[in-house]
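Asker: Structure file target14.txt (compact mmCIF, C-alpha atoms (C1' of nucleotides)) right here:
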```txt
# COMPACT_ATOMS: atom_id res chain seq x y z
CA MET G 126 114.97 135.18 135.12
CA GLU G 127 118.43 134.78 133.61
CA ASN G 128 119.36 133.14 136.85
CA ILE G 129 116.49 130.66 136.66
CA ILE G 130 117.49 129.71 133.11
CA LYS G 131 121.02 129.01 134.24
CA ILE G 132 119.76 126.78 137.02
CA LEU G 133 117.60 124.80 134.61
CA GLN G 134 120.52 124.36 132.25
CA LYS G 135 122.77 123.28 135.07
CA TYR G 136 120.32 120.47 135.80
CA ASN G 137 120.01 119.50 132.13
CA ILE G 138 116.47 120.74 131.76
CA GLN G 139 115.65 122.55 128.55
CA PRO G 140 114.33 125.95 129.61
CA SER G 141 110.86 126.59 128.23
CA TYR G 142 108.59 129.49 129.12
CA GLN G 143 106.37 127.44 131.45
CA ARG G 144 109.30 125.65 133.06
CA ILE G 145 110.94 128.97 133.82
CA LYS G 146 107.73 130.36 135.29
CA ILE G 147 107.10 127.27 137.40
CA LEU G 148 110.58 127.35 138.85
CA GLU G 149 110.33 131.10 139.42
CA ILE G 150 107.20 130.58 141.51
CA LEU G 151 108.77 127.79 143.51
CA ASP G 152 111.70 130.09 144.10
CA LYS G 153 109.66 133.14 145.07
CA LYS G 154 107.01 131.41 147.20
CA ARG G 155 108.86 129.06 149.46
CA GLU G 156 105.71 127.70 151.07
CA HIS G 157 105.98 124.10 149.87
CA MET G 158 103.33 124.45 147.19
CA ASN G 159 101.32 121.63 145.72
CA VAL G 160 100.28 121.35 142.07
CA ASN G 161 97.02 123.21 142.60
CA MET G 162 98.71 126.10 144.32
CA ILE G 163 101.20 126.41 141.47
CA TYR G 164 98.37 126.16 138.97
CA ASP G 165 96.24 128.83 140.64
CA GLU G 166 99.17 131.17 140.90
CA LEU G 167 100.42 130.65 137.36
CA SER G 168 96.99 130.84 135.76
CA LYS G 169 96.96 134.56 136.47
CA GLU G 170 99.96 135.03 134.21
CA ILE G 171 99.49 132.17 131.76
CA PRO G 172 95.76 131.53 131.44
CA THR G 173 96.31 128.68 129.00
CA ILE G 174 98.61 126.70 131.24
CA SER G 175 97.62 123.08 131.74
CA LYS G 176 97.87 121.06 134.92
CA ALA G 177 99.48 118.32 132.87
CA THR G 178 102.36 120.68 132.18
CA ILE G 179 102.77 121.37 135.87
CA TYR G 180 102.77 117.67 136.67
CA ASN G 181 105.24 116.95 133.87
CA THR G 182 107.45 119.79 134.95
CA VAL G 183 107.62 119.15 138.68
CA ASN G 184 108.17 115.47 137.99
CA ALA G 185 111.08 116.38 135.73
CA PHE G 186 112.45 118.75 138.37
CA VAL G 187 112.30 116.00 141.00
CA GLU G 188 113.83 113.44 138.66
CA LYS G 189 116.75 115.72 137.91
CA GLY G 190 117.25 116.55 141.57
CA LEU G 191 116.37 120.21 141.21
CA VAL G 192 113.52 120.19 143.73
CA ASN G 193 112.45 117.84 146.47
CA CYS G 194 109.07 116.17 146.70
CA LEU G 195 107.54 116.18 150.17
CA THR G 196 104.93 113.65 151.25
CA ILE G 197 104.23 114.97 154.72
CA THR G 198 100.49 115.05 154.03
CA PRO G 199 98.87 111.95 152.59
CA GLU G 200 96.59 113.96 150.29
CA GLU G 201 99.03 115.42 147.82
CA ALA G 202 102.68 115.94 146.97
CA ARG G 203 104.39 119.20 147.75
CA TYR G 204 107.49 120.65 146.18
CA ASP G 205 110.48 122.31 147.76
CA PHE G 206 113.06 124.26 145.79
CA ASP G 207 115.39 124.29 148.79
CA ILE G 208 117.35 121.07 148.45
CA THR G 209 119.80 121.77 151.25
CA PRO G 210 119.32 119.20 154.01
CA HIS G 211 116.53 120.20 156.38
CA HIS G 212 113.33 118.81 157.82
CA HIS G 213 109.70 119.93 157.91
CA LEU G 214 106.95 120.52 160.41
CA LEU G 215 103.26 120.33 159.55
CA CYS G 216 101.31 122.50 161.94
CA LYS G 217 98.09 120.73 162.91
CA LYS G 218 96.47 124.07 163.65
CA CYS G 219 97.29 126.41 160.77
CA GLY G 220 98.21 123.71 158.25
CA LYS G 221 101.43 125.42 157.24
CA ILE G 222 104.51 123.39 156.39
CA ILE G 223 107.51 125.00 158.00
CA ASP G 224 111.23 124.41 157.55
CA VAL G 225 112.94 122.94 160.57
CA HIS G 226 116.68 123.30 160.71
CA VAL G 227 117.82 120.80 163.29
CA LYS G 228 120.96 118.81 163.51
CA CYS G 229 120.37 115.50 161.78
CA PRO G 230 122.89 112.75 162.49
CA TYR G 231 122.38 111.19 159.06
CA THR G 232 123.60 112.20 155.64
CA GLU G 233 122.84 110.93 152.19
CA SER G 234 126.20 109.36 151.68
CA MET G 235 126.18 107.06 154.68
CA GLU G 236 125.09 103.52 155.30
CA ILE G 237 122.55 102.79 158.01
CA ASP G 238 121.99 99.25 159.31
CA GLY G 239 123.72 98.06 156.15
CA HIS G 240 121.34 99.93 153.85
CA ARG G 241 122.62 102.52 151.38
CA ILE G 242 120.91 105.85 152.03
CA GLU G 243 120.22 108.19 149.13
CA GLU G 244 117.41 110.39 150.42
CA ILE G 245 116.41 111.56 153.87
CA ARG G 246 113.07 113.07 154.86
CA GLY G 247 112.26 114.13 158.38
CA TYR G 248 108.64 115.06 159.05
CA PHE G 249 107.32 116.47 162.29
CA LYS G 250 103.69 117.14 163.13
CA GLY G 251 102.61 119.38 165.97
CA ILE G 252 101.86 123.01 166.72
CA CYS G 253 104.08 125.67 165.25
CA LYS G 254 105.70 128.46 167.19
CA GLU G 255 103.28 131.09 165.95
CA CYS G 256 100.14 129.12 166.78
CA LEU G 257 101.56 128.38 170.23
CA SER G 258 101.95 132.09 170.90
CA HIS G 259 98.31 132.73 169.95
CA GLU G 260 97.22 129.89 172.24
CA THR G 261 98.46 131.65 175.33
CA LEU G 262 96.31 134.75 174.77
CA MET X 58 92.50 86.69 169.14
CA GLU X 59 91.67 87.40 172.79
CA ASN X 60 94.80 89.45 172.85
CA ILE X 61 93.73 91.53 169.86
CA ILE X 62 90.36 92.22 171.48
CA LYS X 63 92.07 93.45 174.61
CA ILE X 64 94.23 95.80 172.59
CA LEU X 65 91.20 97.24 170.80
CA GLN X 66 89.43 97.79 174.10
CA LYS X 67 92.47 99.41 175.58
CA TYR X 68 92.34 101.97 172.77
CA ASN X 69 88.58 102.51 173.16
CA ILE X 70 87.68 100.80 169.92
CA GLN X 71 84.62 98.57 170.00
CA PRO X 72 85.86 95.18 168.81
CA SER X 73 83.90 93.97 165.79
CA TYR X 74 84.68 90.93 163.68
CA GLN X 75 86.23 92.92 160.82
CA ARG X 76 88.15 95.22 163.15
CA ILE X 77 89.65 92.22 164.91
CA LYS X 78 90.61 90.60 161.61
CA ILE X 79 92.14 93.81 160.25
CA LEU X 80 94.26 94.30 163.34
CA GLU X 81 95.24 90.62 163.32
CA ILE X 82 96.56 90.97 159.79
CA LEU X 83 98.47 94.14 160.61
CA ASP X 84 99.92 92.26 163.58
CA LYS X 85 100.83 89.11 161.68
CA LYS X 86 102.16 90.72 158.48
CA ARG X 87 104.43 93.51 159.55
CA GLU X 88 105.18 94.63 156.03
CA HIS X 89 103.62 98.09 156.18
CA MET X 90 100.53 97.14 154.21
CA ASN X 91 98.33 99.52 152.29
CA VAL X 92 94.56 99.29 152.03
CA ASN X 93 94.65 97.11 148.93
CA MET X 94 97.03 94.65 150.50
CA ILE X 95 94.79 94.35 153.54
CA TYR X 96 91.76 93.99 151.30
CA ASP X 97 93.30 91.26 149.14
CA GLU X 98 94.44 89.34 152.16
CA LEU X 99 91.17 89.63 154.08
CA SER X 100 88.95 88.88 151.10
CA LYS X 101 90.11 85.28 151.29
CA GLU X 102 88.57 84.93 154.72
CA ILE X 103 85.72 87.46 154.52
CA PRO X 104 84.60 87.61 150.87
CA THR X 105 82.00 90.26 151.65
CA ILE X 106 84.38 92.73 153.22
CA SER X 107 84.23 96.22 151.82
CA LYS X 108 87.10 98.57 151.19
CA ALA X 109 85.08 101.27 152.92
CA THR X 110 85.28 99.20 156.09
CA ILE X 111 89.03 98.94 155.79
CA TYR X 112 89.36 102.69 155.25
CA ASN X 113 87.04 103.40 158.19
CA THR X 114 88.89 100.96 160.38
CA VAL X 115 92.46 101.99 159.70
CA ASN X 116 91.44 105.63 160.01
CA ALA X 117 89.95 104.86 163.40
CA PHE X 118 93.08 102.97 164.41
CA VAL X 119 95.24 105.93 163.45
CA GLU X 120 92.95 108.41 165.18
CA LYS X 121 93.10 106.44 168.40
CA GLY X 122 96.86 106.05 168.19
CA LEU X 123 96.80 102.29 167.76
CA VAL X 124 98.67 102.23 164.46
CA ASN X 125 100.81 104.72 162.58
CA CYS X 126 100.15 105.97 159.09
CA LEU X 127 103.21 106.13 156.85
CA THR X 128 103.39 108.43 153.83
CA ILE X 129 106.80 107.42 152.55
CA THR X 130 105.39 106.86 149.05
CA PRO X 131 103.24 109.54 147.48
CA GLU X 132 100.83 107.02 145.98
CA GLU X 133 99.11 105.60 149.02
CA ALA X 134 99.11 105.44 152.79
CA ARG X 135 100.64 102.51 154.61
CA TYR X 136 99.92 101.30 158.10
CA ASP X 137 102.27 100.19 160.84
CA PHE X 138 101.10 98.38 163.95
CA ASP X 139 104.49 98.96 165.58
CA ILE X 140 104.12 102.35 167.25
CA THR X 141 107.44 102.28 169.08
CA PRO X 142 109.68 105.05 167.78
CA HIS X 143 111.55 103.97 164.67
CA HIS X 144 112.12 105.08 161.11
CA HIS X 145 111.64 103.53 157.68
CA LEU X 146 113.59 102.87 154.53
CA LEU X 147 112.00 102.50 151.11
CA CYS X 148 114.22 100.37 148.92
CA LYS X 149 114.29 101.81 145.42
CA LYS X 150 115.13 98.40 144.02
CA CYS X 151 112.79 95.88 145.65
CA GLY X 152 110.17 98.37 146.81
CA LYS X 153 110.05 96.99 150.34
CA ILE X 154 109.58 99.32 153.31
CA ILE X 155 111.96 98.27 156.04
CA ASP X 156 112.17 99.28 159.70
CA VAL X 157 115.25 101.28 160.55
CA HIS X 158 116.18 101.39 164.19
CA VAL X 159 118.58 104.28 164.51
CA LYS X 160 119.17 106.69 167.31
CA CYS X 161 116.95 109.70 166.76
CA PRO X 162 117.80 112.79 168.76
CA TYR X 163 114.16 113.91 168.85
CA THR X 164 111.20 112.71 170.88
CA GLU X 165 107.52 113.52 170.73
CA SER X 166 107.51 115.44 173.95
CA MET X 167 110.12 118.03 173.04
CA GLU X 168 110.06 121.44 171.51
CA ILE X 169 112.11 122.11 168.37
CA ASP X 170 112.82 125.64 167.20
CA GLY X 171 109.94 126.74 169.41
CA HIS X 172 107.47 124.35 167.78
CA ARG X 173 105.65 121.72 169.83
CA ILE X 174 106.36 118.28 168.38
CA GLU X 175 103.70 115.57 168.57
CA GLU X 176 104.66 113.18 165.80
CA ILE X 177 107.97 112.25 164.20
CA ARG X 178 108.46 110.42 160.93
CA GLY X 179 111.85 109.64 159.48
CA TYR X 180 111.91 108.32 155.92
CA PHE X 181 114.96 107.11 154.07
CA LYS X 182 115.15 106.06 150.45
CA GLY X 183 117.98 104.04 149.00
CA ILE X 184 119.03 100.44 148.49
CA CYS X 185 118.37 97.93 151.23
CA LYS X 186 120.97 95.61 152.69
CA GLU X 187 119.62 92.58 150.86
CA CYS X 188 119.54 94.21 147.42
CA LEU X 189 123.08 95.48 148.02
CA SER X 190 124.28 91.94 148.63
CA HIS X 191 122.74 90.74 145.36
CA GLU X 192 124.37 93.64 143.54
CA THR X 193 127.86 92.38 144.28
CA LEU X 194 127.33 88.99 142.63
C1' DT O 23 114.73 132.38 106.20
C1' DT O 24 112.33 128.20 105.69
C1' DA O 25 111.66 123.18 106.28
C1' DT O 26 111.57 119.67 109.31
C1' DA O 27 112.19 116.75 113.15
C1' DA O 28 112.07 116.61 118.01
C1' DA O 29 110.37 118.31 122.18
C1' DA O 30 106.93 120.73 124.96
C1' DT O 31 102.30 121.95 125.83
C1' DT O 32 97.57 121.24 125.91
C1' DA O 33 92.88 119.21 126.59
C1' DT O 34 90.79 115.34 127.65
C1' DA O 35 90.18 110.67 129.03
C1' DA O 36 91.57 107.13 132.16
C1' DT O 37 93.27 105.47 136.54
C1' DT O 38 93.71 105.19 141.29
C1' DA O 39 93.19 106.37 146.17
C1' DT O 40 90.01 107.96 149.24
C1' DT O 41 85.71 109.77 151.12
C1' DC O 42 80.76 110.17 151.29
C1' DC O 43 76.23 108.48 151.75
C1' DA O 44 72.23 105.88 152.15
C1' DA O 45 70.62 101.27 152.94
C1' DT O 46 71.32 97.11 155.36
C1' DT O 47 73.03 94.29 159.00
C1' DA O 48 74.81 93.32 163.51
C1' DT O 49 75.17 94.32 168.47
C1' DG O 50 74.35 95.40 173.38
C1' DG O 51 71.29 96.53 176.82
C1' DA O 52 66.39 97.25 178.70
C1' DT I 71 62.65 89.71 172.38
C1' DC I 72 62.73 94.54 171.05
C1' DC I 73 64.89 98.69 170.19
C1' DA I 74 68.36 102.08 169.71
C1' DT I 75 72.85 102.53 168.27
C1' DA I 76 76.84 101.36 165.89
C1' DA I 77 79.19 98.91 162.12
C1' DT I 78 79.30 97.27 157.53
C1' DT I 79 78.40 97.43 152.81
C1' DG I 80 78.13 98.88 147.86
C1' DG I 81 78.14 102.33 144.97
C1' DA I 82 78.52 107.04 143.79
C1' DA I 83 81.35 111.16 144.27
C1' DT I 84 85.80 113.51 144.71
C1' DA I 85 90.43 114.40 144.05
C1' DA I 86 95.22 113.51 142.69
C1' DT I 87 97.81 111.81 139.16
C1' DT I 88 99.01 109.64 134.78
C1' DA I 89 98.31 108.47 129.93
C1' DT I 90 97.27 109.75 125.34
C1' DA I 91 96.80 111.98 121.20
C1' DA I 92 96.63 116.35 118.90
C1' DT I 93 98.61 120.81 118.54
C1' DT I 94 102.12 124.20 119.21
C1' DT I 95 106.75 125.55 119.94
C1' DT I 96 111.58 125.12 119.46
C1' DA I 97 116.18 123.88 117.60
C1' DT I 98 118.67 123.11 113.84
C1' DA I 99 120.17 122.29 109.22
C1' DA I 100 119.53 123.18 104.30
```
Take the structure I supplied and represent it as structure tokens, if you would.
Answerer:
Amino acid sequence: MENIIKILQKYNIQPSYQRIKILEILDKKREHMNVNMIYDELSKEIPTISKATIYNTVNAFVEKGLVNCLTITPEEARYDFDITPHHHLLCKKCGKIIDVHVKCPYTESMEIDGHRIEEIRGYFKGICKECLSHETL
Amino acid sequence: MENIIKILQKYNIQPSYQRIKILEILDKKREHMNVNMIYDELSKEIPTISKATIYNTVNAFVEKGLVNCLTITPEEARYDFDITPHHHLLCKKCGKIIDVHVKCPYTESMEIDGHRIEEIRGYFKGICKECLSHETL
DNA sequence: TTATAAAATTATAATTATTCCAATTATGGA
DNA sequence: TCCATAATTGGAATAATTATAATTTTATAA
């Protein structure tokens, strides 16, 4: 809690009750949640919370560089509190989005083909390790 | 035209007039069009064309592996007739989506971290070469 | 404290992308 | 040509997101 407030302040985001709670959830549940998942989870604790607040908040978080927005699925945006460089796999079977820590030859500070790179997103689709192991039963 | 029909047949898609025209446009204008761009362009030639047809058609193309669906922007899907492995850059200044041909250490047939990989998408965001050159004026 | 201005939250309406569905039209083969 | 099937169409339905205006909360200064 105190920790979350410090993080918000570090990123120049005024800590409010809902902002703290939203970031806490993103921190606790690292499952690349979308707005509805955050809303369903938070509604239990804050029944009056509005989806508009969640949209405003995650947009602010992304703008300030505190969380990353993932567009691996075309349906909706997902949010990732882990901003260290890594990629993602969408499992076509279980639907989970899983962190993939592979060596990536590119970094945000480099130029590629003459273009200046500021963000890198690597998305894989396939079958995750766990689903593969069930397949062989 | 004949060529386009052959491609459709090769991918087991019954060639219809609108399907041919949609693929022709994706072939001619390699600018990673979205559904609205295709619709605006095609309406000139086929005033009765429906957006539902375009959605049906591009979805079929993607399903059959004839074109790739890009989700680099969260707003809408974009379609790429070039299915050879390459990545994309979204220029934050001009908004263009540009092909990036860089060496990628991963291929669709490999396993990563124990996961089976079937699709790979690499998205970069930054400033494209051309916008950079204008910047220095 | 209290007053007040600014910021955050909320509910709702509006927008936009996409899918669904039922009716119509086009197509390929007997 | 006729018929069965597939494709197209328009419009309604759904879902994600943004915009807006009113209300509530917060920060700060008197």
Asker: Considering all atoms listed in the file, give me a table of residues in chain O that are at most 10 Å from stretch 90-110 of chain X, with the closest atom pair and distance in Å for each, as a tab-separated table.
Answerer:
```
residue	atom	partner	partner_atom	distance
O:DA39	C1'	X:Val92	CA	9.3
O:DT40	C1'	X:Ala109	CA	9.1
O:DT41	C1'	X:Ala109	CA	8.7
```
Asker: Could you list as a ChimeraX atom specification every residue that has an atom within 12 Å of (105.3, 124.1, 115.2), using the file's coordinates and counting all atoms listed in the file?
Answerer: /O:25-31 /I:93-97
Asker: With a cut-off of 9 Å and counting all atoms listed in the file, select all residues of chain G in contact with chain I and give the selection as a PDB file with C-alpha atoms, in the frame of the given file.
Answerer:
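Just written: out_34.pdb:
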```pdb
ATOM      1  CA  SER G 141     110.860 126.590 128.230  1.00  0.00           C
ATOM      2  CA  ALA G 177      99.480 118.320 132.870  1.00  0.00           C
ATOM      3  CA  TYR G 180     102.770 117.670 136.670  1.00  0.00           C
ATOM      4  CA  GLU G 200      96.590 113.960 150.290  1.00  0.00           C
ATOM      5  CA  GLU G 201      99.030 115.420 147.820  1.00  0.00           C
ATOM      6  CA  ALA G 202     102.680 115.940 146.970  1.00  0.00           C
TER       7      ALA G 202
END
```
Asker: Grab the atom CA of G:Leu151 to atom CA of G:Phe206 distance for me, in Å with one decimal place.
Answerer: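 Here the two named atoms are 6.0 Å from each other.
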Asker: Do you know which residues are at most 10 Å from X:Phe118 counting all atoms listed in the file, after dropping those on the same chain fewer than 5 positions away, and could you put them as a list in words?
Answerer: Leu65, Tyr68, Asn69, Ile70, Arg76, Leu80, Tyr112, Asn113, Leu123, Val124, Asn125, Cys126, Tyr136 and Phe138 of chain X
Asker: At what distance in Å, to one decimal, does atom CA of G:Phe249 lie from atom CA of X:His143?
Answerer: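 Separation between atom CA of X:His143 and atom CA of G:Phe249: 13.4 Å.
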Asker: With all Cα atoms paired residue by residue, do a least-squares superposition of chain G on chain X and hand back the transformed coordinates as an mmCIF file with C-alpha atoms, in the frame of the given file.
Answerer:
```
data_model
loop_
_atom_site.group_PDB
_atom_site.id
_atom_site.type_symbol
_atom_site.label_atom_id
_atom_site.label_comp_id
_atom_site.auth_asym_id
_atom_site.auth_seq_id
_atom_site.Cartn_x
_atom_site.Cartn_y
_atom_site.Cartn_z
ATOM 1 C CA MET G 126 92.514 86.754 169.177
ATOM 2 C CA GLU G 127 91.685 87.423 172.821
ATOM 3 C CA ASN G 128 94.807 89.498 172.871
ATOM 4 C CA ILE G 129 93.731 91.566 169.872
ATOM 5 C CA ILE G 130 90.359 92.255 171.504
ATOM 6 C CA LYS G 131 92.070 93.506 174.624
ATOM 7 C CA ILE G 132 94.232 95.840 172.584
ATOM 8 C CA LEU G 133 91.206 97.270 170.798
ATOM 9 C CA GLN G 134 89.438 97.821 174.093
ATOM 10 C CA LYS G 135 92.487 99.465 175.572
ATOM 11 C CA TYR G 136 92.346 102.007 172.753
ATOM 12 C CA ASN G 137 88.594 102.540 173.134
ATOM 13 C CA ILE G 138 87.689 100.834 169.897
ATOM 14 C CA GLN G 139 84.640 98.609 169.965
ATOM 15 C CA PRO G 140 85.845 95.201 168.799
ATOM 16 C CA SER G 141 83.895 93.990 165.784
ATOM 17 C CA TYR G 142 84.681 90.939 163.680
ATOM 18 C CA GLN G 143 86.238 92.928 160.820
ATOM 19 C CA ARG G 144 88.155 95.230 163.146
ATOM 20 C CA ILE G 145 89.648 92.240 164.912
ATOM 21 C CA LYS G 146 90.616 90.622 161.619
ATOM 22 C CA ILE G 147 92.142 93.813 160.247
ATOM 23 C CA LEU G 148 94.254 94.322 163.329
ATOM 24 C CA GLU G 149 95.241 90.651 163.342
ATOM 25 C CA ILE G 150 96.581 90.993 159.803
ATOM 26 C CA LEU G 151 98.477 94.152 160.623
ATOM 27 C CA ASP G 152 99.930 92.311 163.577
ATOM 28 C CA LYS G 153 100.859 89.149 161.694
ATOM 29 C CA LYS G 154 102.177 90.748 158.492
ATOM 30 C CA ARG G 155 104.439 93.536 159.573
ATOM 31 C CA GLU G 156 105.200 94.653 156.032
ATOM 32 C CA HIS G 157 103.624 98.112 156.188
ATOM 33 C CA MET G 158 100.538 97.153 154.217
ATOM 34 C CA ASN G 159 98.346 99.529 152.293
ATOM 35 C CA VAL G 160 94.557 99.292 152.030
ATOM 36 C CA ASN G 161 94.662 97.105 148.936
ATOM 37 C CA MET G 162 97.042 94.646 150.503
ATOM 38 C CA ILE G 163 94.809 94.352 153.561
ATOM 39 C CA TYR G 164 91.785 93.981 151.317
ATOM 40 C CA ASP G 165 93.326 91.256 149.160
ATOM 41 C CA GLU G 166 94.464 89.342 152.188
ATOM 42 C CA LEU G 167 91.207 89.639 154.103
ATOM 43 C CA SER G 168 88.994 88.854 151.129
ATOM 44 C CA LYS G 169 90.157 85.255 151.323
ATOM 45 C CA GLU G 170 88.620 84.929 154.767
ATOM 46 C CA ILE G 171 85.778 87.434 154.543
ATOM 47 C CA PRO G 172 84.641 87.565 150.922
ATOM 48 C CA THR G 173 82.013 90.189 151.689
ATOM 49 C CA ILE G 174 84.393 92.666 153.249
ATOM 50 C CA SER G 175 84.215 96.166 151.816
ATOM 51 C CA LYS G 176 87.093 98.524 151.179
ATOM 52 C CA ALA G 177 85.070 101.213 152.905
ATOM 53 C CA THR G 178 85.277 99.173 156.088
ATOM 54 C CA ILE G 179 89.033 98.931 155.771
ATOM 55 C CA TYR G 180 89.333 102.666 155.229
ATOM 56 C CA ASN G 181 87.012 103.390 158.152
ATOM 57 C CA THR G 182 88.868 100.979 160.356
ATOM 58 C CA VAL G 183 92.443 102.024 159.664
ATOM 59 C CA ASN G 184 91.408 105.650 159.975
ATOM 60 C CA ALA G 185 89.910 104.879 163.376
ATOM 61 C CA PHE G 186 93.053 102.990 164.384
ATOM 62 C CA VAL G 187 95.223 105.961 163.402
ATOM 63 C CA GLU G 188 92.925 108.432 165.130
ATOM 64 C CA LYS G 189 93.072 106.469 168.356
ATOM 65 C CA GLY G 190 96.834 106.097 168.147
ATOM 66 C CA LEU G 191 96.781 102.339 167.737
ATOM 67 C CA VAL G 192 98.658 102.267 164.429
ATOM 68 C CA ASN G 193 100.804 104.740 162.570
ATOM 69 C CA CYS G 194 100.139 105.989 159.068
ATOM 70 C CA LEU G 195 103.206 106.152 156.844
ATOM 71 C CA THR G 196 103.409 108.435 153.823
ATOM 72 C CA ILE G 197 106.811 107.410 152.537
ATOM 73 C CA THR G 198 105.406 106.791 149.057
ATOM 74 C CA PRO G 199 103.284 109.495 147.477
ATOM 75 C CA GLU G 200 100.855 106.985 145.952
ATOM 76 C CA GLU G 201 99.130 105.590 148.996
ATOM 77 C CA ALA G 202 99.098 105.444 152.776
ATOM 78 C CA ARG G 203 100.617 102.524 154.600
ATOM 79 C CA TYR G 204 99.896 101.316 158.093
ATOM 80 C CA ASP G 205 102.240 100.219 160.830
ATOM 81 C CA PHE G 206 101.092 98.411 163.953
ATOM 82 C CA ASP G 207 104.474 98.988 165.582
ATOM 83 C CA ILE G 208 104.120 102.374 167.236
ATOM 84 C CA THR G 209 107.418 102.285 169.092
ATOM 85 C CA PRO G 210 109.673 105.050 167.780
ATOM 86 C CA HIS G 211 111.548 103.964 164.665
ATOM 87 C CA HIS G 212 112.130 105.087 161.108
ATOM 88 C CA HIS G 213 111.639 103.537 157.674
ATOM 89 C CA LEU G 214 113.595 102.874 154.529
ATOM 90 C CA LEU G 215 112.000 102.509 151.106
ATOM 91 C CA CYS G 216 114.213 100.376 148.921
ATOM 92 C CA LYS G 217 114.285 101.821 145.407
ATOM 93 C CA LYS G 218 115.112 98.401 144.011
ATOM 94 C CA CYS G 219 112.779 95.892 145.656
ATOM 95 C CA GLY G 220 110.166 98.406 146.814
ATOM 96 C CA LYS G 221 110.047 97.016 150.331
ATOM 97 C CA ILE G 222 109.574 99.314 153.301
ATOM 98 C CA ILE G 223 111.943 98.271 156.036
ATOM 99 C CA ASP G 224 112.171 99.271 159.688
ATOM 100 C CA VAL G 225 115.256 101.253 160.560
ATOM 101 C CA HIS G 226 116.184 101.380 164.201
ATOM 102 C CA VAL G 227 118.595 104.260 164.509
ATOM 103 C CA LYS G 228 119.178 106.640 167.314
ATOM 104 C CA CYS G 229 116.953 109.649 166.776
ATOM 105 C CA PRO G 230 117.791 112.752 168.797
ATOM 106 C CA TYR G 231 114.156 113.867 168.874
ATOM 107 C CA THR G 232 111.207 112.663 170.889
ATOM 108 C CA GLU G 233 107.541 113.458 170.756
ATOM 109 C CA SER G 234 107.512 115.374 173.973
ATOM 110 C CA MET G 235 110.126 117.956 173.084
ATOM 111 C CA GLU G 236 110.055 121.377 171.537
ATOM 112 C CA ILE G 237 112.088 122.065 168.418
ATOM 113 C CA ASP G 238 112.783 125.624 167.241
ATOM 114 C CA GLY G 239 109.905 126.682 169.475
ATOM 115 C CA HIS G 240 107.437 124.297 167.839
ATOM 116 C CA ARG G 241 105.626 121.642 169.869
ATOM 117 C CA ILE G 242 106.346 118.212 168.404
ATOM 118 C CA GLU G 243 103.693 115.512 168.585
ATOM 119 C CA GLU G 244 104.670 113.125 165.801
ATOM 120 C CA ILE G 245 107.973 112.209 164.213
ATOM 121 C CA ARG G 246 108.463 110.406 160.908
ATOM 122 C CA GLY G 247 111.858 109.629 159.479
ATOM 123 C CA TYR G 248 111.907 108.329 155.911
ATOM 124 C CA PHE G 249 114.973 107.113 154.081
ATOM 125 C CA LYS G 250 115.153 106.087 150.442
ATOM 126 C CA GLY G 251 117.985 104.040 149.013
ATOM 127 C CA ILE G 252 119.032 100.444 148.490
ATOM 128 C CA CYS G 253 118.389 97.943 151.228
ATOM 129 C CA LYS G 254 120.955 95.597 152.670
ATOM 130 C CA GLU G 255 119.608 92.570 150.846
ATOM 131 C CA CYS G 256 119.534 94.208 147.420
ATOM 132 C CA LEU G 257 123.073 95.478 147.992
ATOM 133 C CA SER G 258 124.280 91.937 148.601
ATOM 134 C CA HIS G 259 122.714 90.751 145.330
ATOM 135 C CA GLU G 260 124.356 93.657 143.498
ATOM 136 C CA THR G 261 127.831 92.401 144.223
ATOM 137 C CA LEU G 262 127.258 89.014 142.564
#
```
Asker: If I take atom CA of G:Ile245 and atom CA of G:Ile145, how far is one from the other in Å, to one decimal?
Answerer: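 Distance reported for this atom pair: 27.1 Å.
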Asker: Using all atoms listed in the file, which protein or nucleic acid residues come within 10 Å of G:Ile197? Drop anything in the same chain fewer than 4 positions from it, and give the result as a PyMOL selection string.
Answerer: (chain G and resi 201-203+213-215+222+246-250) or (chain X and resi 127-131+178)
